[in-house]
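These notes are about the structure you will find just below.
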Amino acid sequence: MPKESNVNKYSKINLELGNIIRFFESKLQSRMCSIYKFQLLSTAISFILISYSLLIIARKPAMGYEICIYSSTPLIFWISLLFGLINGMFLLWSSIPTRSSKQFNLGFFQIIFCNILLVLLPKLKNYMLIMGRGDNADYIGYAMDVSIYDNIPNYNFYPYTSVLISQISQVLDISALEVSKYVPTLFVIIYMLSIYCWAKSFKQNQNFIVYSVIASIPLFFAWFFPTIYYMLISTLILPLLFYALNKNNDYRYRILVVLICLVLPFTHPIVSLIFLLYLLCMYIEETLSESKSHKVSLRLIMIFLITSSIWYLAQYALTKNAIEIIEQIENSLLMRSSGATTLTLATGYANKLGFLTAIRSLLIMTFDEFTYYIFSLLSILFIFKNSEKSLKSVSLCFVFGSIFYIFLFISSQAHTPYRFINLNVNMIFTPLLLGYLMVSLRKQYRIVLNLLIILSVITTVASLYQSPIITYPSDQFTSYDIYGGKWLVDSKNENIPTIGLLSPLNRYSSLIYGSKYSSIHMSSVRPWISFPTNLSSSETEIFPSNFTQYFLITEYERQAYSTVWKDVGQVNESDLAYVNSCMNVYHIYDNKEFSAYLAKSCKEKG
């Protein structure tokens with residue numbers, strides 16, 4: 001009898017424990033169900049807000065030049081966009097404990113969708129072109145050349161993007177200019193999906209994959225992401241290439257690796273050179289660690305090196321530029337004067353703007369890079385401390401790639417400071433490094449890092465476009481700009497040169513007729529000298545010119561010098577107004593946003 005009572009007693013205790021467990025399970029399930037319902041509600045609200053903001057933008061497209069895309073775009077768009085990105089991030093975050101693929105897929109889709117809208121904003125606002133006063137206009141001209149002449153002109157040193165745009169343009173029967181507005185979104189999708197696949201290929205746990213995707217939400221490379229800059233497109237291909245390298249046990253991925261390695265030299269020379277450095281770092285790390293499976297072989301390095309060398313040697317200008325960069329680096333190492341480097345140019349810009357203004361602008365543009373760099377270095381310490389073999393090669397590539405980048409910035413003039421600062425190729429490794437760090441950190445520190453990622457999302461959104469926020473007016477080409485540029489290119493006397501302000505005429509001719517046209521008519525459309533400074537301080541109403549010349553002033557210059565750069569101390573608003581009173585200047589064209597002038601020699605002032 002005592003034994004039976006004990007059995008009954010234990011069965012009652014087990015029954016009570018089972019009831020308690022079932023009670024807590026039901027509570028937990030109901031709570032998870034309520035959280036899931038809340039997330040579905042917030043996601044639905046997010047898409048409704050985005051749809052509403054897009055409707056407002058569609059009803060009120062840009063009618064002319066806008067100095068700031070942020071202030072001219074309805075506030076509801078920015079609120080709904082940030083809300084969508086943060087909501088997608090929390091969907092990803094909440095998919096970790098639930099192991100819910102639905103939450104992950106929905107969150108990932110929302111993030112990609114919001115980033116696509118962010119990059120497509122100029123098209124949504126009916127802008128003709130972003131950053132057209134830079135290389136962007138020439139790149140569109142290169143694509144036009146491929147379509148017009150059915151070949152790649154010899155001055156197009158890295159024709160991958162040109163051929164791509166040209167082929168899409170011909171297949172869809174739309175202009176290269178129109179295609180250029182959509183190509184960045186294609187590479188946003190490729191980049192984000194590649195980060196996911198690359199993280200998954202390391203065979204880490206699901207947390208690492210989710211955190212890596214979360215860390216990839218901010219769009220680095222301020223200013224350049226909405227454009228077709230060759231260096232940007234080349235950089236965005238790299239995560240796909242590294243993913244294929246990680247999967248090279250499968251012969252299909254080995255074929256993909258070889259194909260991308262054959263194409264990469266035709267995308268951008270600096271990115272190709274840095275990728276060669278990455279290959280060497282990975283090969284050395286695998287050799288020293290005596291790894292059984294090698295992702296990088298000497299054969300692959302030789303294939304890439306030979307392909308690159310043949311192309312570079314065939315292009316005289318590329319070879320000449322490479323020799324000049326090597327000479328600049330040599331002069332720097334030997335402490336010889338090597339002229340203006342990227343660093344000295346950056347210092348000059350800072351002096352013009354004022355160091356406090358320059359530092360503020362730099363912090364807004366590069367907060368995400370600084371944050372990710374600091375935590376990536378911390379992650380590398382964890383990786384080597386924990387002997388995480390799979391991510392050691394990523395760590396070495398990041399460290400040596402960053403050293404090489406800094407060295408180029410200090411010792412050469414390979415690119416403008418903005419290009420080096422805003423287009424750091426090594427940033428592609430940081431999502432994986434931060435993903436590993438978040439897996440390794442305790443929960444409270446992980447929350448802090450996620451908050452910093454949210455702050456990075458906000459700063460990348462605020463610096464993705466040129467604006468007075470970062471002390472730079474929006475470099476927007478309007479339809480008035482293009483119509484005015486076409487009129488001047490068609491009407492001007494080819495024997496009379498132009499002088500340059502901020503809108504070189506050769507950019508217009510490349511955009512309208514292709515880059516070959518600009519190359520043939522270089523003496524006519526390319527600026528010979530710069531626009532004179534401090535005109536309004538002159539006591540005589542004579543434009544200082546020793547020969548007859550054309551120049552143009554757009555709304556971009558007027559607003560830039562009257563608001564954003566009014567304290568820089570070079571050309572100012574009164575100088576632009578002064579030209580109308582000069583006796584030897586004739587106002588030959590005006591469409592309110594584009595004005596063309598003919599300035600005669602001082603000797604011909606009558």
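Each chain in the structure tokens gets a letter, A, B and so on, in the order shown; residues start at 1 in every chain, and ligands are counted from 1 in the order they appear.
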
Contacts of Ser390 of chain A within 10 Å, only C-alpha atoms, excl. fewer than 5 positions in-chain, as a list of chain:residue names: A:Ser201, A:Phe202, A:Lys203, A:Gln204, A:Asn246, A:Ile383, A:Ser395

What would the file look like if the residues just selected were written as a short mmCIF file (atom, residue, chain, number, x, y, z; two decimals), in the first residue's frame with all heavy atoms?
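So the final result, stored in selection_6.cif, reads:
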```
data_model
loop_
_atom_site.label_atom_id
_atom_site.label_comp_id
_atom_site.auth_asym_id
_atom_site.auth_seq_id
_atom_site.Cartn_x
_atom_site.Cartn_y
_atom_site.Cartn_z
N SER A 201 27.36 30.34 -47.12
CA SER A 201 28.37 29.40 -47.61
C SER A 201 29.45 29.08 -46.58
O SER A 201 30.22 28.14 -46.76
CB SER A 201 29.04 29.96 -48.88
OG SER A 201 29.82 31.11 -48.57
N PHE A 202 29.51 29.85 -45.48
CA PHE A 202 30.50 29.59 -44.44
C PHE A 202 30.04 28.47 -43.50
O PHE A 202 30.78 28.09 -42.60
CB PHE A 202 30.79 30.85 -43.62
CG PHE A 202 31.69 31.81 -44.33
CD1 PHE A 202 31.18 32.92 -44.98
CD2 PHE A 202 33.06 31.62 -44.36
CE1 PHE A 202 32.00 33.82 -45.63
CE2 PHE A 202 33.91 32.50 -45.01
CZ PHE A 202 33.37 33.61 -45.66
N LYS A 203 28.80 28.01 -43.66
CA LYS A 203 28.24 26.93 -42.85
C LYS A 203 28.25 27.26 -41.36
O LYS A 203 28.44 26.40 -40.51
CB LYS A 203 28.99 25.63 -43.11
CG LYS A 203 28.87 25.15 -44.56
CD LYS A 203 29.64 23.87 -44.80
CE LYS A 203 29.51 23.44 -46.27
NZ LYS A 203 30.27 22.21 -46.57
N GLN A 204 28.11 28.54 -41.06
CA GLN A 204 27.91 28.96 -39.67
C GLN A 204 26.45 28.69 -39.31
O GLN A 204 25.65 28.27 -40.14
CB GLN A 204 28.23 30.45 -39.52
CG GLN A 204 29.66 30.80 -39.82
CD GLN A 204 30.57 30.61 -38.62
OE1 GLN A 204 30.11 30.43 -37.51
NE2 GLN A 204 31.87 30.65 -38.85
N ASN A 246 33.84 30.27 -52.22
CA ASN A 246 33.56 29.41 -51.07
C ASN A 246 32.90 28.09 -51.48
O ASN A 246 32.99 27.10 -50.75
CB ASN A 246 32.64 30.14 -50.09
CG ASN A 246 33.41 30.96 -49.07
OD1 ASN A 246 34.62 31.12 -49.19
ND2 ASN A 246 32.73 31.49 -48.08
N ILE A 383 37.76 36.58 -33.92
CA ILE A 383 37.99 35.49 -34.88
C ILE A 383 39.32 34.79 -34.62
O ILE A 383 39.41 33.56 -34.58
CB ILE A 383 37.93 36.03 -36.32
CG1 ILE A 383 36.47 36.39 -36.69
CG2 ILE A 383 38.49 35.03 -37.32
CD1 ILE A 383 36.33 37.19 -37.95
N SER A 395 39.16 38.17 -42.74
CA SER A 395 39.82 39.13 -41.85
C SER A 395 41.11 39.67 -42.47
O SER A 395 41.37 40.88 -42.46
CB SER A 395 40.13 38.48 -40.50
OG SER A 395 38.96 37.96 -39.92
#
```

Do you know which residues are at most 8 Å from segment 216-220 of chain A counting only C-alpha atoms, after dropping those on the same chain fewer than 6 positions away, and could you put them as a VMD selection string? chain A and resid 85 89 111 115 192 195 368 to 369 422 to 423 427 431 453 456 to 457 460 to 461 464

Proximity to Ile79 of chain A - best of A:Ile306, A:Leu124, A:Ile458, A:Leu92, only C-alpha atoms: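 Residue with the minimum atom-to-atom distance to Ile79 of chain A: A:Ile458.
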
Taking the backbone alone, and naming residues the way the document does, which bits of segment 98-266 of chain A are alpha helix (DSSP H) by DSSP, as a compact mmCIF listing (two decimals) with N, CA and C atoms, in the first residue's frame?
```txt
# COMPACT_ATOMS: atom_id res chain seq x y z
N THR A 98 12.46 32.26 -33.32
CA THR A 98 11.33 31.48 -33.84
C THR A 98 11.73 30.52 -34.95
N SER A 101 11.07 30.95 -41.29
CA SER A 101 11.53 31.36 -42.62
C SER A 101 10.62 32.43 -43.21
N LYS A 102 9.33 32.41 -42.81
CA LYS A 102 8.39 33.42 -43.32
C LYS A 102 8.79 34.81 -42.84
N GLN A 103 9.12 34.92 -41.55
CA GLN A 103 9.54 36.22 -41.01
C GLN A 103 10.83 36.70 -41.69
N PHE A 104 11.77 35.77 -41.86
CA PHE A 104 13.04 36.14 -42.50
C PHE A 104 12.81 36.60 -43.94
N ASN A 105 12.06 35.82 -44.70
CA ASN A 105 11.82 36.16 -46.11
C ASN A 105 11.09 37.49 -46.25
N LEU A 106 10.08 37.73 -45.38
CA LEU A 106 9.33 38.97 -45.44
C LEU A 106 10.23 40.16 -45.09
N GLY A 107 11.05 39.99 -44.02
CA GLY A 107 11.95 41.07 -43.62
C GLY A 107 13.00 41.36 -44.67
N PHE A 108 13.58 40.31 -45.25
CA PHE A 108 14.61 40.47 -46.27
C PHE A 108 14.03 41.15 -47.52
N PHE A 109 12.83 40.71 -47.91
CA PHE A 109 12.17 41.33 -49.06
C PHE A 109 11.91 42.82 -48.80
N GLN A 110 11.45 43.16 -47.60
CA GLN A 110 11.13 44.56 -47.30
C GLN A 110 12.39 45.43 -47.33
N ILE A 111 13.50 44.90 -46.83
CA ILE A 111 14.75 45.66 -46.83
C ILE A 111 15.22 45.91 -48.27
N ILE A 112 15.21 44.86 -49.09
CA ILE A 112 15.64 45.01 -50.49
C ILE A 112 14.71 45.99 -51.21
N PHE A 113 13.41 45.87 -50.98
CA PHE A 113 12.43 46.74 -51.63
C PHE A 113 12.67 48.20 -51.25
N CYS A 114 12.88 48.47 -49.95
CA CYS A 114 13.09 49.85 -49.50
C CYS A 114 14.40 50.42 -50.04
N ASN A 115 15.46 49.60 -50.08
CA ASN A 115 16.73 50.07 -50.63
C ASN A 115 16.62 50.34 -52.13
N ILE A 116 15.83 49.55 -52.83
CA ILE A 116 15.60 49.80 -54.26
C ILE A 116 14.89 51.14 -54.45
N LEU A 117 13.88 51.41 -53.63
CA LEU A 117 13.17 52.69 -53.72
C LEU A 117 14.11 53.86 -53.43
N LEU A 118 15.00 53.66 -52.46
CA LEU A 118 15.95 54.72 -52.10
C LEU A 118 16.86 55.05 -53.27
N VAL A 119 17.35 54.02 -53.96
CA VAL A 119 18.25 54.22 -55.10
C VAL A 119 17.49 54.74 -56.32
N LEU A 120 16.21 54.35 -56.44
CA LEU A 120 15.40 54.76 -57.59
C LEU A 120 14.77 56.15 -57.43
N LEU A 121 14.98 56.79 -56.29
CA LEU A 121 14.30 58.06 -56.02
C LEU A 121 14.46 59.10 -57.12
N PRO A 122 15.66 59.33 -57.68
CA PRO A 122 15.78 60.31 -58.77
C PRO A 122 14.86 59.99 -59.96
N LYS A 123 14.73 58.72 -60.28
CA LYS A 123 13.83 58.33 -61.38
C LYS A 123 12.38 58.58 -60.97
N LEU A 124 12.04 58.25 -59.72
CA LEU A 124 10.67 58.47 -59.25
C LEU A 124 10.31 59.95 -59.27
N ASP A 135 31.79 61.81 -64.05
CA ASP A 135 32.01 60.78 -65.06
C ASP A 135 30.73 60.08 -65.50
N ASN A 136 29.65 60.25 -64.73
CA ASN A 136 28.41 59.54 -65.04
C ASN A 136 27.93 59.84 -66.47
N ALA A 137 28.02 61.10 -66.89
CA ALA A 137 27.59 61.47 -68.24
C ALA A 137 28.47 60.80 -69.30
N ASP A 138 29.77 60.73 -69.05
CA ASP A 138 30.67 60.07 -70.01
C ASP A 138 30.38 58.57 -70.09
N TYR A 139 30.05 57.97 -68.95
CA TYR A 139 29.76 56.53 -68.95
C TYR A 139 28.53 56.22 -69.80
N ILE A 140 27.52 57.08 -69.74
CA ILE A 140 26.35 56.91 -70.60
C ILE A 140 26.75 57.09 -72.06
N GLY A 141 27.64 58.07 -72.30
CA GLY A 141 28.16 58.27 -73.65
C GLY A 141 28.92 57.06 -74.17
N TYR A 142 29.68 56.38 -73.29
CA TYR A 142 30.39 55.17 -73.69
C TYR A 142 29.40 54.08 -74.14
N ALA A 143 28.29 53.94 -73.39
CA ALA A 143 27.28 52.95 -73.74
C ALA A 143 26.64 53.29 -75.08
N MET A 144 26.41 54.58 -75.31
CA MET A 144 25.86 55.01 -76.60
C MET A 144 26.82 54.69 -77.74
N ASP A 145 28.12 54.86 -77.49
CA ASP A 145 29.12 54.56 -78.51
C ASP A 145 29.07 53.10 -78.95
N VAL A 146 28.88 52.19 -77.97
CA VAL A 146 28.81 50.76 -78.29
C VAL A 146 27.63 50.49 -79.21
N SER A 147 26.50 51.14 -78.93
CA SER A 147 25.30 50.95 -79.76
C SER A 147 25.45 51.59 -81.14
N ILE A 148 26.07 52.78 -81.18
CA ILE A 148 26.18 53.52 -82.44
C ILE A 148 27.18 52.87 -83.40
N TYR A 149 28.36 52.47 -82.85
CA TYR A 149 29.45 52.01 -83.72
C TYR A 149 29.61 50.49 -83.72
N TYR A 160 32.80 46.83 -69.44
CA TYR A 160 31.77 45.89 -68.99
C TYR A 160 30.41 46.57 -68.84
N THR A 161 30.35 47.67 -68.08
CA THR A 161 29.08 48.34 -67.83
C THR A 161 28.53 48.96 -69.11
N SER A 162 29.40 49.47 -69.96
CA SER A 162 28.96 50.06 -71.24
C SER A 162 28.25 49.03 -72.10
N VAL A 163 28.84 47.85 -72.21
CA VAL A 163 28.25 46.78 -73.02
C VAL A 163 26.91 46.35 -72.42
N LEU A 164 26.88 46.22 -71.08
CA LEU A 164 25.66 45.81 -70.40
C LEU A 164 24.52 46.80 -70.68
N ILE A 165 24.79 48.09 -70.49
CA ILE A 165 23.75 49.11 -70.72
C ILE A 165 23.35 49.15 -72.19
N SER A 166 24.33 49.04 -73.07
CA SER A 166 24.04 49.07 -74.50
C SER A 166 23.13 47.92 -74.92
N GLN A 167 23.40 46.72 -74.40
CA GLN A 167 22.60 45.55 -74.77
C GLN A 167 21.18 45.66 -74.22
N ILE A 168 21.05 46.11 -72.96
CA ILE A 168 19.72 46.30 -72.39
C ILE A 168 18.95 47.36 -73.17
N SER A 169 19.66 48.42 -73.55
CA SER A 169 19.04 49.51 -74.31
C SER A 169 18.50 49.02 -75.64
N GLN A 170 19.28 48.18 -76.32
CA GLN A 170 18.85 47.69 -77.63
C GLN A 170 17.73 46.65 -77.52
N VAL A 171 17.81 45.80 -76.51
CA VAL A 171 16.79 44.77 -76.34
C VAL A 171 15.44 45.38 -75.98
N LEU A 172 15.46 46.36 -75.06
CA LEU A 172 14.21 46.98 -74.60
C LEU A 172 13.80 48.18 -75.45
N ALA A 176 19.95 54.74 -73.59
CA ALA A 176 20.97 54.38 -72.61
C ALA A 176 20.82 55.22 -71.34
N LEU A 177 20.41 56.48 -71.50
CA LEU A 177 20.18 57.35 -70.34
C LEU A 177 19.10 56.77 -69.44
N GLU A 178 18.03 56.27 -70.05
CA GLU A 178 16.93 55.70 -69.27
C GLU A 178 17.36 54.40 -68.60
N VAL A 179 18.11 53.57 -69.30
CA VAL A 179 18.60 52.31 -68.73
C VAL A 179 19.50 52.57 -67.52
N SER A 180 20.32 53.63 -67.62
CA SER A 180 21.28 53.94 -66.54
C SER A 180 20.58 54.22 -65.21
N LYS A 181 19.32 54.61 -65.25
CA LYS A 181 18.59 54.91 -64.02
C LYS A 181 18.15 53.64 -63.29
N TYR A 182 18.05 52.53 -64.05
CA TYR A 182 17.58 51.28 -63.46
C TYR A 182 18.71 50.31 -63.12
N VAL A 183 19.84 50.43 -63.79
CA VAL A 183 20.95 49.50 -63.57
C VAL A 183 21.41 49.45 -62.10
N PRO A 184 21.53 50.59 -61.38
CA PRO A 184 21.94 50.50 -59.97
C PRO A 184 21.03 49.61 -59.13
N THR A 185 19.72 49.62 -59.40
CA THR A 185 18.81 48.77 -58.61
C THR A 185 19.08 47.29 -58.86
N LEU A 186 19.46 46.95 -60.09
CA LEU A 186 19.82 45.57 -60.40
C LEU A 186 20.99 45.12 -59.54
N PHE A 187 21.99 45.98 -59.40
CA PHE A 187 23.17 45.61 -58.62
C PHE A 187 22.95 45.72 -57.11
N VAL A 188 21.96 46.50 -56.68
CA VAL A 188 21.56 46.48 -55.26
C VAL A 188 21.03 45.09 -54.92
N ILE A 189 20.18 44.55 -55.79
CA ILE A 189 19.62 43.21 -55.57
C ILE A 189 20.73 42.16 -55.58
N ILE A 190 21.62 42.23 -56.58
CA ILE A 190 22.72 41.27 -56.67
C ILE A 190 23.60 41.34 -55.42
N TYR A 191 23.90 42.56 -54.97
CA TYR A 191 24.77 42.75 -53.81
C TYR A 191 24.16 42.14 -52.55
N MET A 192 22.88 42.45 -52.27
CA MET A 192 22.26 41.99 -51.03
C MET A 192 22.03 40.48 -51.04
N LEU A 193 21.63 39.92 -52.17
CA LEU A 193 21.46 38.48 -52.26
C LEU A 193 22.81 37.76 -52.16
N SER A 194 23.85 38.39 -52.71
CA SER A 194 25.19 37.78 -52.64
C SER A 194 25.71 37.76 -51.21
N ILE A 195 25.44 38.82 -50.44
CA ILE A 195 25.85 38.85 -49.03
C ILE A 195 25.19 37.69 -48.29
N TYR A 196 23.90 37.48 -48.54
CA TYR A 196 23.17 36.37 -47.90
C TYR A 196 23.79 35.03 -48.29
N CYS A 197 24.00 34.81 -49.58
CA CYS A 197 24.57 33.53 -50.04
C CYS A 197 25.99 33.35 -49.53
N TRP A 198 26.77 34.43 -49.52
CA TRP A 198 28.15 34.36 -49.05
C TRP A 198 28.19 33.97 -47.58
N ALA A 199 27.34 34.58 -46.76
CA ALA A 199 27.27 34.24 -45.33
C ALA A 199 26.85 32.79 -45.15
N LYS A 200 25.90 32.35 -45.94
CA LYS A 200 25.40 30.97 -45.83
C LYS A 200 26.46 29.96 -46.22
N GLN A 206 22.48 29.63 -38.16
CA GLN A 206 21.51 30.52 -38.78
C GLN A 206 21.64 31.94 -38.25
N ASN A 207 22.03 32.08 -36.97
CA ASN A 207 22.19 33.42 -36.38
C ASN A 207 23.20 34.25 -37.16
N PHE A 208 24.31 33.63 -37.55
CA PHE A 208 25.36 34.34 -38.30
C PHE A 208 24.81 34.85 -39.63
N ILE A 209 24.02 34.04 -40.30
CA ILE A 209 23.45 34.43 -41.59
C ILE A 209 22.52 35.62 -41.42
N VAL A 210 21.63 35.53 -40.42
CA VAL A 210 20.65 36.61 -40.20
C VAL A 210 21.35 37.90 -39.80
N TYR A 211 22.32 37.81 -38.89
CA TYR A 211 23.02 39.02 -38.44
C TYR A 211 23.85 39.64 -39.57
N SER A 212 24.40 38.81 -40.45
CA SER A 212 25.15 39.34 -41.59
C SER A 212 24.23 40.11 -42.53
N VAL A 213 23.03 39.58 -42.75
CA VAL A 213 22.05 40.27 -43.59
C VAL A 213 21.63 41.58 -42.94
N ILE A 214 21.43 41.56 -41.61
CA ILE A 214 21.08 42.79 -40.88
C ILE A 214 22.18 43.84 -41.05
N ALA A 215 23.42 43.39 -40.95
CA ALA A 215 24.55 44.33 -41.07
C ALA A 215 24.71 44.87 -42.48
N TYR A 230 31.68 52.99 -62.74
CA TYR A 230 32.28 51.69 -63.02
C TYR A 230 32.87 51.05 -61.76
N MET A 231 33.50 51.87 -60.93
CA MET A 231 34.13 51.33 -59.72
C MET A 231 33.08 50.76 -58.77
N LEU A 232 31.91 51.41 -58.71
CA LEU A 232 30.82 50.91 -57.87
C LEU A 232 30.32 49.57 -58.38
N ILE A 233 30.01 49.49 -59.68
CA ILE A 233 29.49 48.25 -60.26
C ILE A 233 30.48 47.11 -60.05
N SER A 234 31.75 47.40 -60.23
CA SER A 234 32.78 46.39 -60.04
C SER A 234 32.82 45.91 -58.60
N THR A 235 32.70 46.83 -57.66
CA THR A 235 32.73 46.48 -56.24
C THR A 235 31.54 45.60 -55.86
N LEU A 236 30.36 45.90 -56.39
CA LEU A 236 29.16 45.17 -56.03
C LEU A 236 29.15 43.74 -56.57
N ILE A 237 30.02 43.45 -57.52
CA ILE A 237 30.13 42.09 -58.05
C ILE A 237 30.92 41.18 -57.10
N LEU A 238 31.81 41.76 -56.28
CA LEU A 238 32.75 40.98 -55.49
C LEU A 238 32.10 39.99 -54.52
N PRO A 239 31.02 40.36 -53.78
CA PRO A 239 30.42 39.35 -52.88
C PRO A 239 29.97 38.09 -53.61
N LEU A 240 29.45 38.23 -54.84
CA LEU A 240 29.07 37.06 -55.63
C LEU A 240 30.29 36.23 -55.97
N LEU A 241 31.39 36.88 -56.29
CA LEU A 241 32.62 36.18 -56.62
C LEU A 241 33.16 35.41 -55.40
N PHE A 242 33.13 36.05 -54.22
CA PHE A 242 33.61 35.37 -53.01
C PHE A 242 32.70 34.21 -52.62
N TYR A 243 31.40 34.36 -52.86
CA TYR A 243 30.48 33.25 -52.60
C TYR A 243 30.83 32.06 -53.49
N ALA A 244 31.07 32.33 -54.77
CA ALA A 244 31.43 31.26 -55.70
C ALA A 244 32.76 30.60 -55.29
N LEU A 245 33.71 31.40 -54.78
CA LEU A 245 34.98 30.85 -54.30
C LEU A 245 34.75 29.90 -53.13
N ASN A 246 33.84 30.27 -52.22
CA ASN A 246 33.56 29.41 -51.07
C ASN A 246 32.90 28.09 -51.48
N TYR A 251 32.07 21.87 -59.32
CA TYR A 251 32.71 22.32 -60.57
C TYR A 251 31.94 23.46 -61.23
N ARG A 252 30.60 23.51 -61.00
CA ARG A 252 29.80 24.59 -61.59
C ARG A 252 30.21 25.95 -61.03
N TYR A 253 30.52 25.98 -59.73
CA TYR A 253 30.97 27.24 -59.13
C TYR A 253 32.39 27.59 -59.55
N ARG A 254 33.21 26.55 -59.80
CA ARG A 254 34.57 26.82 -60.30
C ARG A 254 34.50 27.49 -61.67
N ILE A 255 33.58 27.04 -62.49
CA ILE A 255 33.39 27.67 -63.81
C ILE A 255 32.93 29.11 -63.64
N LEU A 256 32.01 29.34 -62.69
CA LEU A 256 31.53 30.71 -62.43
C LEU A 256 32.66 31.61 -61.95
N VAL A 257 33.53 31.08 -61.08
CA VAL A 257 34.67 31.86 -60.58
C VAL A 257 35.57 32.28 -61.74
N VAL A 258 35.89 31.34 -62.60
CA VAL A 258 36.77 31.64 -63.74
C VAL A 258 36.13 32.67 -64.66
N LEU A 259 34.84 32.54 -64.92
CA LEU A 259 34.14 33.48 -65.80
C LEU A 259 34.16 34.90 -65.21
N ILE A 260 33.88 35.02 -63.90
CA ILE A 260 33.88 36.35 -63.27
C ILE A 260 35.29 36.92 -63.24
N CYS A 261 36.29 36.06 -63.01
CA CYS A 261 37.68 36.53 -63.01
C CYS A 261 38.09 37.03 -64.40
N LEU A 262 37.53 36.42 -65.44
CA LEU A 262 37.83 36.87 -66.80
C LEU A 262 37.16 38.21 -67.10
N VAL A 263 36.00 38.44 -66.47
CA VAL A 263 35.24 39.67 -66.72
C VAL A 263 35.73 40.83 -65.86
```

Hey, what does DSSP flag as strand (DSSP E) within segment 337-513 of chain A? Can you give it to me as a list in words?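 Matching residues, listed in order: Gln476, Phe477, Thr498, Ile499 and Gly500 of chain A.
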
Output for the residues just chosen: N, CA, C and O atoms as a PDB file, in the first residue's frame:
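Once everything was written out, this is result.pdb:
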```pdb
ATOM      1  N   GLN A 476      22.316  67.597 -60.153  1.00  0.00           N
ATOM      2  CA  GLN A 476      21.189  67.099 -60.937  1.00  0.00           C
ATOM      3  C   GLN A 476      21.157  67.750 -62.310  1.00  0.00           C
ATOM      4  O   GLN A 476      21.222  68.968 -62.428  1.00  0.00           O
ATOM      5  N   PHE A 477      21.055  66.920 -63.346  1.00  0.00           N
ATOM      6  CA  PHE A 477      20.812  67.432 -64.696  1.00  0.00           C
ATOM      7  C   PHE A 477      19.301  67.469 -64.922  1.00  0.00           C
ATOM      8  O   PHE A 477      18.630  66.444 -64.764  1.00  0.00           O
ATOM      9  N   THR A 498      35.653  76.793 -75.121  1.00  0.00           N
ATOM     10  CA  THR A 498      34.831  77.115 -73.947  1.00  0.00           C
ATOM     11  C   THR A 498      35.722  77.176 -72.713  1.00  0.00           C
ATOM     12  O   THR A 498      36.802  76.590 -72.671  1.00  0.00           O
ATOM     13  N   ILE A 499      35.256  77.907 -71.723  1.00  0.00           N
ATOM     14  CA  ILE A 499      35.934  77.920 -70.424  1.00  0.00           C
ATOM     15  C   ILE A 499      35.013  77.260 -69.414  1.00  0.00           C
ATOM     16  O   ILE A 499      33.790  77.216 -69.591  1.00  0.00           O
ATOM     17  N   GLY A 500      35.577  76.711 -68.355  1.00  0.00           N
ATOM     18  CA  GLY A 500      34.814  75.879 -67.444  1.00  0.00           C
ATOM     19  C   GLY A 500      34.453  76.538 -66.136  1.00  0.00           C
ATOM     20  O   GLY A 500      35.249  77.281 -65.564  1.00  0.00           O
TER      21      GLY A 500
END
```

Of the candidates A:Ser402, A:Ser71, A:Ser80, A:Ser440, which shows the shortest atom-to-atom distance to Ala44 of chain A, using only C-alpha atoms?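 With only C-alpha atoms as the atom set, the closest residue is A:Ser80.
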
Please provide as an MDAnalysis selection string all residues within 12 Å of Val489 of chain A, with the sequence filter that same-chain residues fewer than 3 positions apart are discarded (counting only C-alpha atoms). chainID A and resid 482:486 492:494 496:498 504:513 517:518 521:522 524:526 550:552 589 596

Would you put the residues from that selection into a file with C-alpha atoms, as a compact mmCIF listing (two decimals), in the first residue's frame?
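Final output, saved to out_17.txt:
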```txt
# COMPACT_ATOMS: atom_id res chain seq x y z
CA ILE A 482 20.12 69.00 -71.55
CA TYR A 483 18.12 71.16 -73.97
CA GLY A 484 20.45 74.10 -73.31
CA GLY A 485 23.56 71.95 -73.65
CA LYS A 486 22.31 70.54 -76.96
CA LYS A 492 28.61 77.18 -81.26
CA ASN A 493 31.49 77.92 -83.57
CA GLU A 494 33.83 74.92 -83.25
CA ILE A 496 35.93 79.06 -80.48
CA PRO A 497 36.77 77.21 -77.23
CA THR A 498 34.83 77.11 -73.95
CA PRO A 504 31.75 71.24 -68.56
CA LEU A 505 30.28 71.30 -72.06
CA ASN A 506 31.94 67.97 -72.92
CA ARG A 507 29.67 66.24 -70.37
CA TYR A 508 26.64 67.51 -72.29
CA SER A 509 28.01 66.44 -75.66
CA SER A 510 28.84 62.95 -74.32
CA LEU A 511 25.37 62.58 -72.85
CA ILE A 512 23.64 63.77 -76.04
CA TYR A 513 25.83 62.44 -78.88
CA TYR A 517 31.68 62.90 -80.43
CA SER A 518 33.29 64.63 -77.43
CA HIS A 521 35.43 67.71 -80.92
CA MET A 522 37.62 67.89 -77.81
CA SER A 524 35.66 72.76 -78.95
CA VAL A 525 33.72 71.26 -76.03
CA ARG A 526 36.36 70.60 -73.36
CA TYR A 550 32.03 80.56 -74.73
CA PHE A 551 30.91 79.81 -71.18
CA LEU A 552 27.69 78.67 -69.58
CA TYR A 589 20.83 81.71 -74.95
CA ALA A 596 25.03 80.50 -72.61
```

Which residue gives the smallest distance to Arg360 of chain A among A:Lys392, A:His294, A:Ile469, A:Val399, with only C-alpha atoms counted?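 Ranked by minimum distance to Arg360 of chain A, first place goes to A:Ile469.
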
Tell me, as a list of chain:residue names, which residues lie within 12 Å of Trp565 of chain A, counting only C-alpha atoms; anything in the same chain fewer than 2 positions away does not count. A:Tyr349, A:Lys352, A:Leu353, A:Gly354, A:Thr357, A:Ser467, A:Pro468, A:Ile470, A:Thr471, A:Tyr472, A:Pro473, A:Tyr556, A:Glu557, A:Arg558, A:Gln559, A:Ala560, A:Tyr561, A:Ser562, A:Thr563, A:Asp567, A:Val568, A:Gly569, A:Gln570, A:Val571, A:Asn572, A:Glu573
